[in-house]
Structures are given as C-alpha cells and as structure tokens.
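Dumped coords.txt below, it's compact mmCIF, C-alpha atoms and all ligand atoms:
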# COMPACT_ATOMS: atom_id res chain seq x y z
CA MET A 4 -55.70 175.27 54.30
CA ALA A 5 -54.67 172.88 51.56
CA SER A 6 -53.00 175.58 49.56
CA ARG A 7 -51.03 176.65 52.60
CA GLY A 8 -49.79 173.13 53.38
CA PHE A 9 -48.91 172.48 49.78
CA CYS A 10 -47.12 175.74 49.46
CA ARG A 11 -45.01 175.04 52.51
CA GLU A 12 -44.20 171.55 51.44
CA LEU A 13 -43.14 172.64 47.99
CA TYR A 14 -41.12 175.40 49.52
CA SER A 15 -39.36 173.00 51.93
CA CYS A 16 -38.78 170.46 49.26
CA ILE A 17 -37.03 172.89 46.97
CA PHE A 18 -35.27 175.24 49.32
CA ASP A 19 -34.53 173.25 52.50
CA TYR A 20 -31.43 171.19 52.84
CA SER A 21 -31.03 168.68 55.66
CA THR A 22 -27.65 167.43 56.77
CA PRO A 23 -26.97 164.97 59.62
CA ARG A 24 -25.80 166.41 62.87
CA ILE A 25 -24.20 164.28 65.55
CA ALA A 26 -26.14 164.49 68.79
CA LEU A 27 -24.43 162.91 71.77
CA ILE A 28 -27.18 161.73 74.10
CA LYS A 29 -25.79 161.40 77.59
CA SER A 30 -28.23 158.80 78.78
CA ARG A 31 -27.29 155.47 80.31
CA LYS A 32 -30.56 153.95 79.10
CA VAL A 33 -30.00 154.87 75.46
CA GLY A 34 -26.32 153.96 75.61
CA VAL A 35 -26.98 150.49 77.00
CA MET A 36 -29.78 149.93 74.49
CA ASN A 37 -27.49 150.85 71.61
CA ARG A 38 -24.75 148.50 72.84
CA LEU A 39 -27.24 145.67 73.33
CA ILE A 40 -28.57 146.01 69.79
CA GLN A 41 -25.02 146.12 68.44
CA LEU A 42 -24.15 143.05 70.49
CA GLY A 43 -27.20 141.22 69.11
CA ILE A 44 -26.21 142.04 65.55
CA LEU A 45 -22.61 141.00 66.22
CA ALA A 46 -23.78 137.71 67.74
CA TYR A 47 -25.96 137.09 64.68
CA VAL A 48 -23.13 137.84 62.24
CA ILE A 49 -20.46 135.83 64.08
CA GLY A 50 -22.56 133.08 65.62
CA TRP A 51 -25.12 132.40 62.94
CA VAL A 52 -23.62 133.64 59.66
CA PHE A 53 -20.01 132.65 60.24
CA VAL A 54 -19.95 129.77 62.73
CA TRP A 55 -23.26 128.01 62.13
CA GLU A 56 -23.91 128.74 58.43
CA LYS A 57 -20.19 128.80 57.62
CA GLY A 58 -20.37 132.11 55.82
CA TYR A 59 -16.63 132.00 55.14
CA GLN A 60 -17.02 128.99 52.83
CA GLU A 61 -17.85 128.43 49.23
CA PHE A 62 -20.28 125.54 48.61
CA ASP A 63 -20.76 122.86 45.98
CA THR A 64 -23.33 120.08 45.55
CA VAL A 65 -22.46 116.47 45.08
CA VAL A 66 -22.19 114.55 41.82
CA SER A 67 -22.44 110.81 42.26
CA SER A 68 -22.65 107.38 40.72
CA VAL A 69 -24.18 104.32 42.34
CA THR A 70 -23.89 100.60 41.71
CA SER A 71 -25.45 97.85 43.74
CA LYS A 72 -25.21 94.11 44.14
CA VAL A 73 -27.82 91.99 45.87
CA LYS A 74 -26.98 88.64 47.45
CA GLY A 75 -29.07 85.87 48.92
CA VAL A 76 -30.75 82.58 48.07
CA ALA A 77 -34.23 81.35 48.93
CA VAL A 78 -35.98 78.01 48.63
CA THR A 79 -39.71 77.72 47.95
CA ASN A 80 -41.92 74.65 47.96
CA THR A 81 -45.27 75.07 46.24
CA SER A 82 -47.64 72.68 44.51
CA ALA A 83 -47.33 74.52 41.18
CA LEU A 84 -43.54 74.74 41.07
CA GLY A 85 -42.34 72.03 43.45
CA THR A 86 -39.11 72.75 45.27
CA ARG A 87 -37.38 75.64 43.64
CA ILE A 88 -34.27 77.69 44.32
CA TRP A 89 -34.37 81.45 43.80
CA ASP A 90 -31.09 83.27 43.34
CA VAL A 91 -30.12 86.81 42.33
CA ALA A 92 -30.66 86.22 38.60
CA ASP A 93 -34.24 85.12 39.34
CA TYR A 94 -35.44 87.79 41.72
CA VAL A 95 -33.59 90.96 40.69
CA ILE A 96 -35.46 92.32 37.67
CA PRO A 97 -33.95 93.88 35.57
CA PRO A 98 -30.38 92.79 36.35
CA GLN A 99 -29.25 96.41 36.61
CA GLU A 100 -30.89 99.78 36.94
CA GLU A 101 -29.73 103.33 37.37
CA ASN A 102 -29.63 104.39 41.05
CA ALA A 103 -32.14 101.67 41.95
CA PHE A 104 -32.65 97.94 42.23
CA PHE A 105 -35.75 95.84 42.35
CA VAL A 106 -36.18 92.71 44.45
CA MET A 107 -39.11 90.40 43.83
CA THR A 108 -40.97 89.42 47.00
CA ASN A 109 -44.26 88.00 45.75
CA LEU A 110 -45.30 86.23 42.58
CA ILE A 111 -48.30 84.99 40.60
CA ILE A 112 -46.99 82.59 38.02
CA THR A 113 -48.94 81.23 35.02
CA GLN A 114 -47.10 78.48 33.23
CA ASN A 115 -47.39 77.04 29.71
CA GLN A 116 -49.42 79.78 28.11
CA THR A 117 -50.01 79.46 24.37
CA GLN A 118 -52.12 81.60 22.06
CA GLY A 119 -55.64 80.21 21.61
CA HIS A 120 -59.26 80.32 22.73
CA CYS A 121 -60.20 80.06 26.40
CA PRO A 122 -62.68 81.53 28.89
CA ASP A 123 -61.77 84.97 30.30
CA LEU A 124 -61.30 85.52 34.01
CA PRO A 125 -64.82 85.93 35.45
CA ASP A 126 -65.71 89.42 36.69
CA GLN A 127 -68.72 91.76 36.29
CA SER A 128 -68.05 92.43 32.62
CA THR A 129 -67.11 88.89 31.52
CA ILE A 130 -69.59 86.63 33.36
CA CYS A 131 -72.31 85.51 30.92
CA ASN A 132 -75.37 83.31 30.68
CA SER A 133 -75.47 82.95 26.90
CA SER A 134 -73.54 84.09 23.82
CA HIS A 135 -75.84 87.15 23.64
CA ASP A 136 -73.91 88.64 26.60
CA CYS A 137 -70.59 88.55 24.71
CA ILE A 138 -69.64 90.89 21.86
CA PRO A 139 -67.26 89.53 19.18
CA GLY A 140 -64.19 91.71 18.83
CA PHE A 141 -64.74 93.52 22.16
CA ILE A 142 -61.58 94.34 24.13
CA SER A 143 -61.98 95.58 27.66
CA THR A 144 -59.05 97.42 29.24
CA HIS A 145 -58.91 94.84 32.02
CA SER A 146 -59.26 91.87 29.71
CA PHE A 147 -56.46 89.55 28.63
CA GLY A 148 -57.69 89.14 25.02
CA VAL A 149 -60.32 89.71 22.32
CA GLN A 150 -63.83 88.34 22.89
CA THR A 151 -64.99 85.80 20.33
CA GLY A 152 -68.72 86.11 21.13
CA GLN A 153 -69.06 82.67 22.72
CA CYS A 154 -70.09 81.99 26.31
CA VAL A 155 -68.17 79.06 27.76
CA ALA A 156 -67.73 77.39 31.15
CA TYR A 157 -64.86 78.79 33.26
CA ASN A 158 -65.41 76.11 35.92
CA GLU A 159 -68.32 73.96 37.12
CA THR A 160 -70.37 76.90 38.42
CA VAL A 161 -69.36 80.00 36.43
CA LYS A 162 -69.55 80.77 32.71
CA SER A 163 -67.59 83.59 31.09
CA CYS A 164 -67.04 85.06 27.65
CA GLU A 165 -64.48 83.28 25.54
CA VAL A 166 -61.40 85.27 24.48
CA TYR A 167 -58.61 84.80 21.98
CA ALA A 168 -55.60 85.29 24.23
CA TRP A 169 -52.55 83.72 25.84
CA CYS A 170 -54.27 80.69 27.40
CA PRO A 171 -54.96 79.76 30.10
CA VAL A 172 -55.47 83.36 31.32
CA GLU A 173 -53.81 84.50 34.51
CA ASN A 174 -55.80 84.35 37.72
CA ASP A 175 -54.44 87.13 39.91
CA THR A 176 -57.33 87.31 42.36
CA GLU A 177 -55.50 85.48 45.10
CA LEU A 178 -52.19 86.90 46.19
CA PRO A 179 -49.93 84.56 48.20
CA GLU A 180 -49.91 85.59 51.84
CA PRO A 181 -47.40 85.52 53.51
CA ALA A 182 -45.33 86.62 50.56
CA PHE A 183 -43.96 83.98 48.19
CA LEU A 184 -40.34 85.12 48.71
CA LYS A 185 -40.57 86.30 52.31
CA GLU A 186 -36.96 85.13 52.73
CA ALA A 187 -35.96 88.28 50.82
CA GLU A 188 -35.97 89.90 54.26
CA ASN A 189 -32.56 88.34 54.86
CA PHE A 190 -31.05 89.21 51.46
CA THR A 191 -28.26 91.76 51.53
CA VAL A 192 -27.19 94.48 49.16
CA LEU A 193 -23.79 96.06 48.69
CA ILE A 194 -24.11 99.67 47.61
CA LYS A 195 -21.09 101.31 46.03
CA ASN A 196 -21.30 105.05 45.82
CA ASN A 197 -18.63 107.27 44.32
CA ILE A 198 -19.01 111.00 44.83
CA TRP A 199 -17.32 114.06 43.44
CA PHE A 200 -17.45 117.75 44.30
CA PRO A 201 -16.43 119.32 40.98
CA LYS A 202 -15.67 122.81 42.31
CA PHE A 203 -13.08 121.47 44.75
CA ASN A 204 -12.08 118.44 42.68
CA PHE A 205 -12.70 116.28 45.73
CA SER A 206 -13.77 112.66 45.29
CA LYS A 207 -14.47 109.86 47.69
CA ARG A 208 -16.48 106.67 47.93
CA ASN A 209 -18.66 105.12 50.58
CA ILE A 210 -16.27 102.18 51.05
CA LEU A 211 -14.02 104.15 53.36
CA PRO A 212 -10.21 103.85 53.14
CA ASN A 213 -9.91 102.03 56.47
CA VAL A 214 -12.25 99.20 55.38
CA THR A 215 -10.51 95.91 54.62
CA THR A 216 -11.67 93.13 52.30
CA SER A 217 -12.24 90.74 55.19
CA TYR A 218 -14.30 93.34 57.07
CA LEU A 219 -16.40 93.94 53.96
CA LYS A 220 -17.09 90.21 53.66
CA THR A 221 -18.65 90.00 57.09
CA CYS A 222 -19.99 93.42 58.05
CA LEU A 223 -23.64 94.45 58.03
CA TYR A 224 -24.95 97.99 58.32
CA ASP A 225 -26.24 98.93 61.74
CA ARG A 226 -27.09 102.55 62.53
CA MET A 227 -25.65 102.31 66.04
CA HIS A 228 -22.70 99.94 65.75
CA ASN A 229 -21.72 99.79 62.10
CA PRO A 230 -22.82 103.04 60.45
CA PHE A 231 -20.23 102.95 57.66
CA CYS A 232 -20.64 99.38 56.42
CA PRO A 233 -22.05 99.62 52.87
CA ILE A 234 -23.83 96.25 53.10
CA PHE A 235 -27.48 96.42 54.07
CA ARG A 236 -29.96 93.74 55.03
CA LEU A 237 -33.20 94.42 53.15
CA GLY A 238 -35.28 93.72 56.24
CA SER A 239 -33.29 96.31 58.22
CA ILE A 240 -33.73 98.94 55.51
CA VAL A 241 -37.49 98.53 55.71
CA SER A 242 -37.65 98.38 59.49
CA GLU A 243 -35.39 101.46 59.87
CA ALA A 244 -38.01 103.31 57.86
CA GLY A 245 -40.60 102.19 60.40
CA GLU A 246 -42.33 99.69 58.12
CA SER A 247 -42.89 95.96 58.33
CA PHE A 248 -41.11 93.89 55.70
CA ARG A 249 -43.63 91.06 55.99
CA ASP A 250 -46.49 93.44 55.10
CA MET A 251 -44.60 95.32 52.43
CA ALA A 252 -43.47 92.09 50.75
CA ILE A 253 -47.05 91.08 49.90
CA GLN A 254 -48.06 94.06 47.73
CA GLY A 255 -44.63 95.51 47.05
CA GLY A 256 -43.59 99.13 47.33
CA VAL A 257 -40.86 101.66 46.87
CA MET A 258 -38.15 102.36 49.43
CA GLY A 259 -35.68 105.21 49.42
CA ILE A 260 -32.10 104.76 50.57
CA GLN A 261 -30.75 108.24 51.19
CA ILE A 262 -27.02 108.81 51.28
CA ARG A 263 -26.10 112.22 52.55
CA TRP A 264 -22.61 113.65 52.16
CA ASP A 265 -22.20 116.87 54.11
CA CYS A 266 -18.51 117.63 54.08
CA ASP A 267 -16.45 120.41 55.57
CA LEU A 268 -13.36 120.29 53.39
CA ASP A 269 -11.47 122.58 55.77
CA LYS A 270 -11.37 119.59 58.09
CA LYS A 271 -9.61 116.26 57.65
CA PHE A 272 -10.32 113.97 54.68
CA SER A 273 -11.50 111.23 57.02
CA LYS A 274 -14.20 113.51 58.46
CA CYS A 275 -16.10 113.46 55.16
CA VAL A 276 -18.34 110.41 55.59
CA PRO A 277 -21.70 109.27 54.25
CA ARG A 278 -24.82 109.17 56.41
CA TYR A 279 -27.53 106.68 55.53
CA SER A 280 -31.21 107.06 56.15
CA PHE A 281 -34.23 105.19 54.89
CA ARG A 282 -37.81 106.05 54.12
CA ARG A 283 -40.76 104.57 52.30
CA LEU A 284 -41.42 106.55 49.14
CA ASP A 285 -44.79 105.20 47.99
CA SER A 286 -47.42 106.66 50.23
CA ARG A 287 -49.41 104.14 52.14
CA GLU A 288 -52.63 105.29 53.73
CA LEU A 289 -54.38 102.70 55.81
CA ASP A 290 -57.82 104.23 55.32
CA HIS A 291 -57.41 104.70 51.55
CA ASN A 292 -55.96 101.46 50.36
CA VAL A 293 -56.66 101.85 46.64
CA SER A 294 -54.12 100.39 44.21
CA PRO A 295 -51.44 99.75 46.83
CA GLY A 296 -47.92 98.52 46.27
CA TYR A 297 -45.87 97.96 43.17
CA ASN A 298 -46.12 95.20 40.57
CA PHE A 299 -45.52 94.51 36.90
CA ARG A 300 -45.65 91.55 34.52
CA SER A 301 -42.83 89.85 32.73
CA ALA A 302 -42.70 86.67 30.65
CA LYS A 303 -40.21 84.05 29.51
CA TYR A 304 -40.75 82.66 26.03
CA TYR A 305 -39.89 79.22 24.69
CA LYS A 306 -41.02 76.58 22.17
CA ASN A 307 -42.85 73.62 23.72
CA ILE A 308 -42.55 69.95 22.68
CA ASN A 309 -44.94 70.49 19.75
CA ASP A 310 -42.87 73.46 18.55
CA VAL A 311 -45.60 75.92 19.58
CA GLU A 312 -44.53 79.26 20.99
CA SER A 313 -45.23 79.25 24.72
CA ARG A 314 -44.48 81.44 27.67
CA THR A 315 -44.35 81.54 31.43
CA LEU A 316 -46.14 84.70 32.64
CA MET A 317 -45.11 86.20 35.95
CA LYS A 318 -46.95 88.95 37.76
CA VAL A 319 -44.15 90.20 39.96
CA TYR A 320 -44.65 92.08 43.22
CA GLY A 321 -41.64 93.50 44.92
CA ILE A 322 -39.78 96.37 46.49
CA ARG A 323 -37.88 98.85 44.41
CA PHE A 324 -35.07 100.50 46.32
CA ASP A 325 -34.23 103.97 45.02
CA ILE A 326 -30.81 105.22 46.05
CA LEU A 327 -30.85 108.99 46.50
CA VAL A 328 -27.52 110.71 46.98
CA PHE A 329 -27.34 114.32 48.06
CA GLY A 330 -25.08 116.63 49.99
CA THR A 331 -22.95 119.73 49.92
CA ALA A 332 -19.32 120.47 50.61
CA GLY A 333 -17.92 123.75 51.85
CA LYS A 334 -14.41 125.13 51.74
CA PHE A 335 -12.89 128.45 52.82
CA ASP A 336 -12.93 131.10 50.14
CA ILE A 337 -11.97 134.77 50.35
CA ILE A 338 -14.91 136.11 48.31
CA PRO A 339 -17.85 134.87 50.45
CA THR A 340 -15.82 135.80 53.55
CA MET A 341 -15.43 139.40 52.36
CA ILE A 342 -19.06 139.64 51.26
CA ASN A 343 -20.28 138.43 54.65
CA ILE A 344 -17.94 140.72 56.60
CA GLY A 345 -19.13 143.64 54.47
CA SER A 346 -22.79 142.89 54.96
CA GLY A 347 -22.17 142.31 58.69
CA LEU A 348 -20.63 145.77 59.05
CA ALA A 349 -23.47 147.32 57.10
CA LEU A 350 -25.88 145.57 59.41
CA LEU A 351 -24.28 147.33 62.42
CA GLY A 352 -25.72 150.56 61.01
CA VAL A 353 -29.15 149.14 61.74
CA ALA A 354 -28.40 149.66 65.46
CA THR A 355 -28.33 153.45 64.96
CA VAL A 356 -31.55 153.40 62.95
CA LEU A 357 -33.30 151.28 65.57
CA CYS A 358 -32.09 153.46 68.44
CA ASP A 359 -33.22 156.60 66.59
CA VAL A 360 -36.67 155.16 66.06
CA ILE A 361 -36.99 154.15 69.70
CA VAL A 362 -35.59 157.37 71.15
CA PHE A 363 -37.48 159.81 68.90
CA GLN A 364 -40.78 157.91 68.67
CA PHE A 365 -41.32 155.94 71.87
CA PHE A 366 -39.38 157.63 74.65
CA LYS A 367 -41.25 159.82 77.12
CA LYS A 368 -38.70 162.56 76.63
CA ARG A 369 -38.89 162.24 72.84
CA TYR A 370 -39.79 165.94 72.26
CA TYR A 371 -36.84 167.02 74.29
CA TYR A 372 -34.47 164.76 72.35
CA ARG A 373 -36.00 165.78 69.03
CA GLU A 374 -35.49 169.40 69.84
CA LYS A 375 -31.84 168.70 70.54
CA LYS A 376 -31.36 166.56 67.46
CA PHE A 377 -33.12 168.64 64.80
CA LYS A 378 -32.01 172.20 64.56
CA HIS A 379 -33.88 174.49 62.19
CA VAL A 380 -31.46 176.90 60.63
CA GLU A 381 -32.88 179.98 58.88
CA ASP A 382 -31.12 181.45 55.91
CA TYR A 383 -30.37 185.15 55.64
CA ASP A 384 -30.66 185.24 51.88
CA GLU A 385 -33.00 188.11 50.87
CA LEU A 386 -34.63 186.29 48.00
CA THR A 387 -35.79 183.28 49.95
CA ILE A 388 -37.10 185.43 52.78
CA SER A 389 -39.19 187.50 50.42
CA LEU A 390 -40.44 184.32 48.66
CA LYS A 391 -41.49 182.94 52.01
CA GLY A 392 -43.22 186.19 52.82
CA LEU A 393 -45.16 185.94 49.60
CA CYS A 394 -46.33 182.52 50.52
CA LYS A 395 -47.45 183.65 53.97
CA GLN A 396 -49.37 186.52 52.46
CA ARG A 397 -51.27 184.28 50.12
CA THR A 398 -52.40 181.98 52.88
CA THR A 399 -53.46 184.90 55.06
CA ILE A 400 -55.59 186.26 52.26
CA SER A 401 -57.38 182.95 51.85
CA GLY A 402 -58.75 183.48 55.37
CA ASN A 403 -56.54 181.35 57.56
CA GLU A 404 -54.79 182.38 60.70
CA GLU A 405 -51.06 182.04 60.36
CA HIS A 406 -49.44 180.15 63.21
CA GLY A 407 -46.14 178.98 61.87
CA SER A 408 -44.52 176.41 64.06
CA ASN A 409 -41.17 177.55 62.80
CA PRO A 410 -39.61 180.16 65.03
C1 LIG B 1 -33.76 85.61 58.64
O1 LIG B 1 -32.65 85.16 59.35
C2 LIG B 1 -32.91 84.95 60.74
C3 LIG B 1 -31.59 84.61 61.40
O2 LIG B 1 -30.74 83.92 60.57
C4 LIG B 1 -33.96 83.88 60.90
O3 LIG B 1 -34.25 83.67 62.27
C5 LIG B 1 -35.23 84.33 60.19
O4 LIG B 1 -36.21 83.31 60.24
C6 LIG B 1 -34.93 84.66 58.74
N1 LIG B 1 -36.11 85.26 58.14
C7 LIG B 1 -36.79 84.68 57.15
C8 LIG B 1 -38.00 85.40 56.67
O5 LIG B 1 -36.46 83.62 56.64

Would you mind writing the file's structure down as structure tokens?
Amino acid sequence: MASRGFCRELYSCIFDYSTPRIALIKSRKVGVMNRLIQLGILAYVIGWVFVWEKGYQEFDTVVSSVTSKVKGVAVTNTSALGTRIWDVADYVIPPQEENAFFVMTNLIITQNQTQGHCPDLPDQSTICNSSHDCIPGFISTHSFGVQTGQCVAYNETVKSCEVYAWCPVENDTELPEPAFLKEAENFTVLIKNNIWFPKFNFSKRNILPNVTTSYLKTCLYDRMHNPFCPIFRLGSIVSEAGESFRDMAIQGGVMGIQIRWDCDLDKKFSKCVPRYSFRRLDSRELDHNVSPGYNFRSAKYYKNINDVESRTLMKVYGIRFDILVFGTAGKFDIIPTMINIGSGLALLGVATVLCDVIVFQFFKKRYYYREKKFKHVEDYDELTISLKGLCKQRTTISGNEEHGSNP
C-alpha cells in the first residue's frame, strides 16, 4: 500500500503539471459572497488604512525643549522660624532642571548644626542603658554619625549612644501635618515648550501665535475653558490627575505633565496644538504604604559668631513635576501612498482565495464544483504511459487491488 501511494506521489510530483483554469461559477450565492468579501477588504483599505491610520502620510516624532518658571509666595509662622516668607528661590530646588521642576511642600529644618559629640536619635539600635551597649567606631546605615562608645541622656527619660556628628542630630520622626508649605497649591508654573519635527522642518511652541502678553499675564490653564494657556496652578495639576494636593504635599511625590503634539501637517498650521494631560508617576498603594513620597536633604553652610563652621539642615519633601513631551506629525508622501495602494490591491486577491476555500471545502455542492474546476488531462506521450503502467504492475504484484480514481 505504502509503496503504491509513494510511487504515485513521486510520479505526480515529477510528471504532472498544474495550471490555473478559470471556472465561471454561475451562482448568485457565490457571486454575492465574493463581492461582500471584496467590499470588506476595500472598506478596510480605504477606511482603516487610508482614512483612519492616514496611510498616505509619512510620519515623524517630535523633538522638544522645555523650560519652566514657577511663581508664588507663601508666609509661614512657626515657633522655630518665626514669621518667614518663602519665595521661588527658597522652594524650587535646584533652581533649574532638565524637563522637570521640584517644588518644596514640606520641611523638617534643623538649625545651627556644628560638628561635635551629641546623643544619636533614639531607635532600636541606639537606645542604651550603659556604655556596654554602644560600640566605639560603629556606623549604622541609618545613623547620623560615628558612635563614641558612651551612653548619654537624649532627654529626661531616654538614653542613647553618643555619636560624633553634625549636632544636634535631626529629628525627622514627626512630619508637619498639614504640610508646612500647603500654600504651594496656589503657586503657578509657566511651561514653555518648543517642538520641532526634523523630517518636515516644522517647528512650533506651546505659546500659540494668537496669545498676547496681557492674556499670558492673567490666564490660567483649565481643561474646559482655557486648554491652551501654558500657565498651570499646581493644585489643578494634581487634582486633574485625580489626587489630593493636601495629601500629596505631606510626603511628596512625582507628577507627570504630558504634552502631546499630534499634528496633521496637511492641515492648517493653527490646527497643530498641544494637548495637556496629567498623571501621578510614583505609584501609591494605600494598602502597601512603605517608603512613600519623595524627599531629600540639603544644607546651607555658614560660619557662626565664634567662627565655627555651621549649617542649617533641611529635609525637604515636595513634588517633582516631570514634563513629558511626545507626539507625531504626518504629511502626505508619495512613497507610503504607493506602498499602501499596492498592498491594498494585493489584499483583494485574498477574496478569491477565501471564496475558493469556502466553495470547494464547505459548500454542499463542493464535489460538483470541484469536478468542474479541476480537470485531469492525460498525456498521450508513449513513454509516460508505459512508465505509469510499470508502476501499476508493481503495485498489483505486491498484492493490492488496483482501483485508480483517475479515469
Ligand atoms: C488658594 O487660593 C484660594 C483662592 O484664592 C483660597 O481660597 C485658598 O485658601 C488658597 N489655598 C491655600 C492652601 O492657601
């Protein structure tokens, strides 16, 4: 059996030649099906590829530069600092950053630190009863200095290991709540964004040409009423992202200001406009509140009255605003147009393939149609006939009944 099948296959493979024959099926069902499939493909090519995805355009991604300027003044009145004014130079740290700006919202300040010996901040590893609990020269990763091996009184009730450090050490266990600079909610920032699409040599900025100086002095971004004003209230940025500024100001965090430029350069210049959106970038999970927010330390150094080097240490909590610019521009180009037309035409061929599969595999009358479509043509050549005869003989000898399906 196997030898017979193999023999026939080999024979067909070498000596049969198949060539397409056009069969015109006069059936309304098949005709309508073919047209429907063609229509579907045409709708996909025109509707999706050309109209929706703009297949006739060449695309380029945006190149951009961002500068920002924060404005606002706050007054605080605390026992440690008295009445104090905070302006931009105080709360924006550092004064300028690339594609970002940081605004301080909360603060733990330790004034008049000098280098010397003082008790460490009491915690599990620094609380002691006697000098035996302290190791000279030991530096813990959470410590502010080097242990001297003495056990000294931190306050009336608690004793802790003495350290050589900037003294007195910072006590950051109690964070001001509500935030120290909660007024930052009403600060504003002007964001200047210049963009460029290199492939089309198209440049624009987010201060649109119709904006006047007087408008810029008074306007404030509002998604509904003022979507193109480049001045943002910090509180609105946070609330647009669905967060509460009052909460975020306590521990700090990271906000993203997204500027999206999606431009169709086949349309008017004025149609290419920025779209702003906001989101919180540092993840905040309510049920897993480990190491939340954003903070860092910075210090100001000076010489005190006795000419000793001193510093004011600040543990600064605040919100860093990252400005993310992205977008694409498209413009008509002959090459993508031709490529898409070509592939669209090629795709029309799929209709024939699909119809063939359906008609010859799934139709009830598939055998009838197959018979009409595939015509087996015998050759009259003597050599091939005798070769075929040889093959038949061999299979008959091996004990199999010959029932060729070929006529
Ligand atoms: C922000 O400004 C509004 C209106 O001027 C005022 O009602 C509000 O108290 C201010 N917010 C803070 C935190 O100072």

Worksheet item: Which neighbours of Lys195 (chain A) fall inside 12 Å, counting all atoms listed in the file, when residues of the same chain fewer than 2 positions from it are skipped, and could you give them as a VMD selection string?
Response: chain A and resid 67 to 73 102 to 103 192 to 193 197 to 198 207 to 211 219 231 to 235 262 277 326 328

Centre, edges in Å (one decimal): axis-aligned box, ligand LIG 1 (chain B), 3 Å padding on all six sides, as AutoDock Vina command-line options:
--center_x -34.4 --center_y 84.5 --center_z 59.5 --size_x 13.3 --size_y 8.3 --size_z 11.6

Practice prompt. Identify, on the basis of all atoms listed in the file, every residue whose closest approach to Lys270 (chain A) does not exceed 10 Å; exclude the query and any residue fewer than 4 positions from it along the same chain; express the result as a list in words.
Written response: Cys266, Lys274, Cys275, Gly333 and Lys334 of chain A

Worksheet item: Could you pull the residues within 9 Å of region 241-253 of chain A, counting all atoms listed in the file, minus those fewer than 4 positions along the same chain, as a VMD selection string?
Response: chain A and resid 107 to 110 178 to 185 187 to 188 226 236 to 237 258 to 259 280 to 283 296 320 to 322

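From CA of Gln153 (chain A) back to CA of Thr315 (chain A), the distance works out to 26.2 Å.
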
Worksheet entry | Exercise: Trp169 (chain A) partners within 6 Å, only C-alpha atoms, chain neighbours under 4 positions left out, as a PyMOL selection string | chain A and resi 116-118

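Closest approach to ligand LIG 1 (chain B) among A:Pro295, A:Gly238, A:Pro339, A:Gly43 is made by A:Gly238 (distances from only C-alpha atoms and all ligand atoms).
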
Worksheet item: Given the choices A:Phe335, A:Tyr167, A:Leu316, A:Val33, which gets closest to Phe365 (chain A) if the distance is worked out from only C-alpha atoms?
Response: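 Using only C-alpha atoms, the shortest distance to Phe365 (chain A) belongs to A:Val33.
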
Worksheet item: Which of these residues is nearest to ligand LIG 1 (chain B), using only C-alpha atoms and all ligand atoms: A:Val35, A:Ile17, A:Val78, A:Ile96?
Response: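 Smallest distance to ligand LIG 1 (chain B) is found for A:Val78.
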
Practice prompt. Return the single residue from A:Ile28, A:Val166, A:Val76, A:Met36 that is closest to ligand LIG 1 (chain B), with distances computed using only C-alpha atoms and all ligand atoms.
Written response: A:Val76

Practice prompt. Could you tell me which of A:Thr151, A:Arg11, A:Phe105, A:Ser239 comes closest to ligand LIG 1 (chain B) if we count only C-alpha atoms and all ligand atoms?
Written response: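 Going through A:Thr151, A:Arg11, A:Phe105, A:Ser239 one by one, the smallest distance to ligand LIG 1 (chain B) is for A:Ser239.
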
Which residues are near region 119-131 of chain A? Cut-off 7 Å, all atoms listed in the file, ignore same chain within fewer than 5 positions. Put them as a short mmCIF file (atom, residue, chain, number, x, y, z; two decimals) with C-alpha atoms, in the frame of the given file.
data_model
loop_
_atom_site.label_atom_id
_atom_site.label_comp_id
_atom_site.auth_asym_id
_atom_site.auth_seq_id
_atom_site.Cartn_x
_atom_site.Cartn_y
_atom_site.Cartn_z
CA ASP A 136 -73.91 88.64 26.60
CA CYS A 154 -70.09 81.99 26.31
CA VAL A 155 -68.17 79.06 27.76
CA ALA A 156 -67.73 77.39 31.15
CA TYR A 157 -64.86 78.79 33.26
CA LYS A 162 -69.55 80.77 32.71
CA SER A 163 -67.59 83.59 31.09
CA CYS A 164 -67.04 85.06 27.65
CA GLU A 165 -64.48 83.28 25.54
CA VAL A 166 -61.40 85.27 24.48
CA TYR A 167 -58.61 84.80 21.98
CA ALA A 168 -55.60 85.29 24.23
CA TRP A 169 -52.55 83.72 25.84
CA CYS A 170 -54.27 80.69 27.40
CA PRO A 171 -54.96 79.76 30.10
CA VAL A 172 -55.47 83.36 31.32
CA ASN A 174 -55.80 84.35 37.72
#

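Taking all atoms listed in the file into account, Asp90 (chain A) lies nearest to A:Phe190 out of the set A:Phe104, A:Phe190, A:Phe147, A:Phe62.
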
Item to complete: Kindly give the distance, in Å, that separates CA of Thr216 (chain A) and CA of Asn189 (chain A), rounded to a single decimal.
Response: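 CA of Asn189 (chain A) lies 21.6 Å from CA of Thr216 (chain A).
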
Discussion item. What's the separation between CA of Asn132 (chain A) and CA of Glu159 (chain A), in Å to one decimal place?
Written reply: 13.4 Å
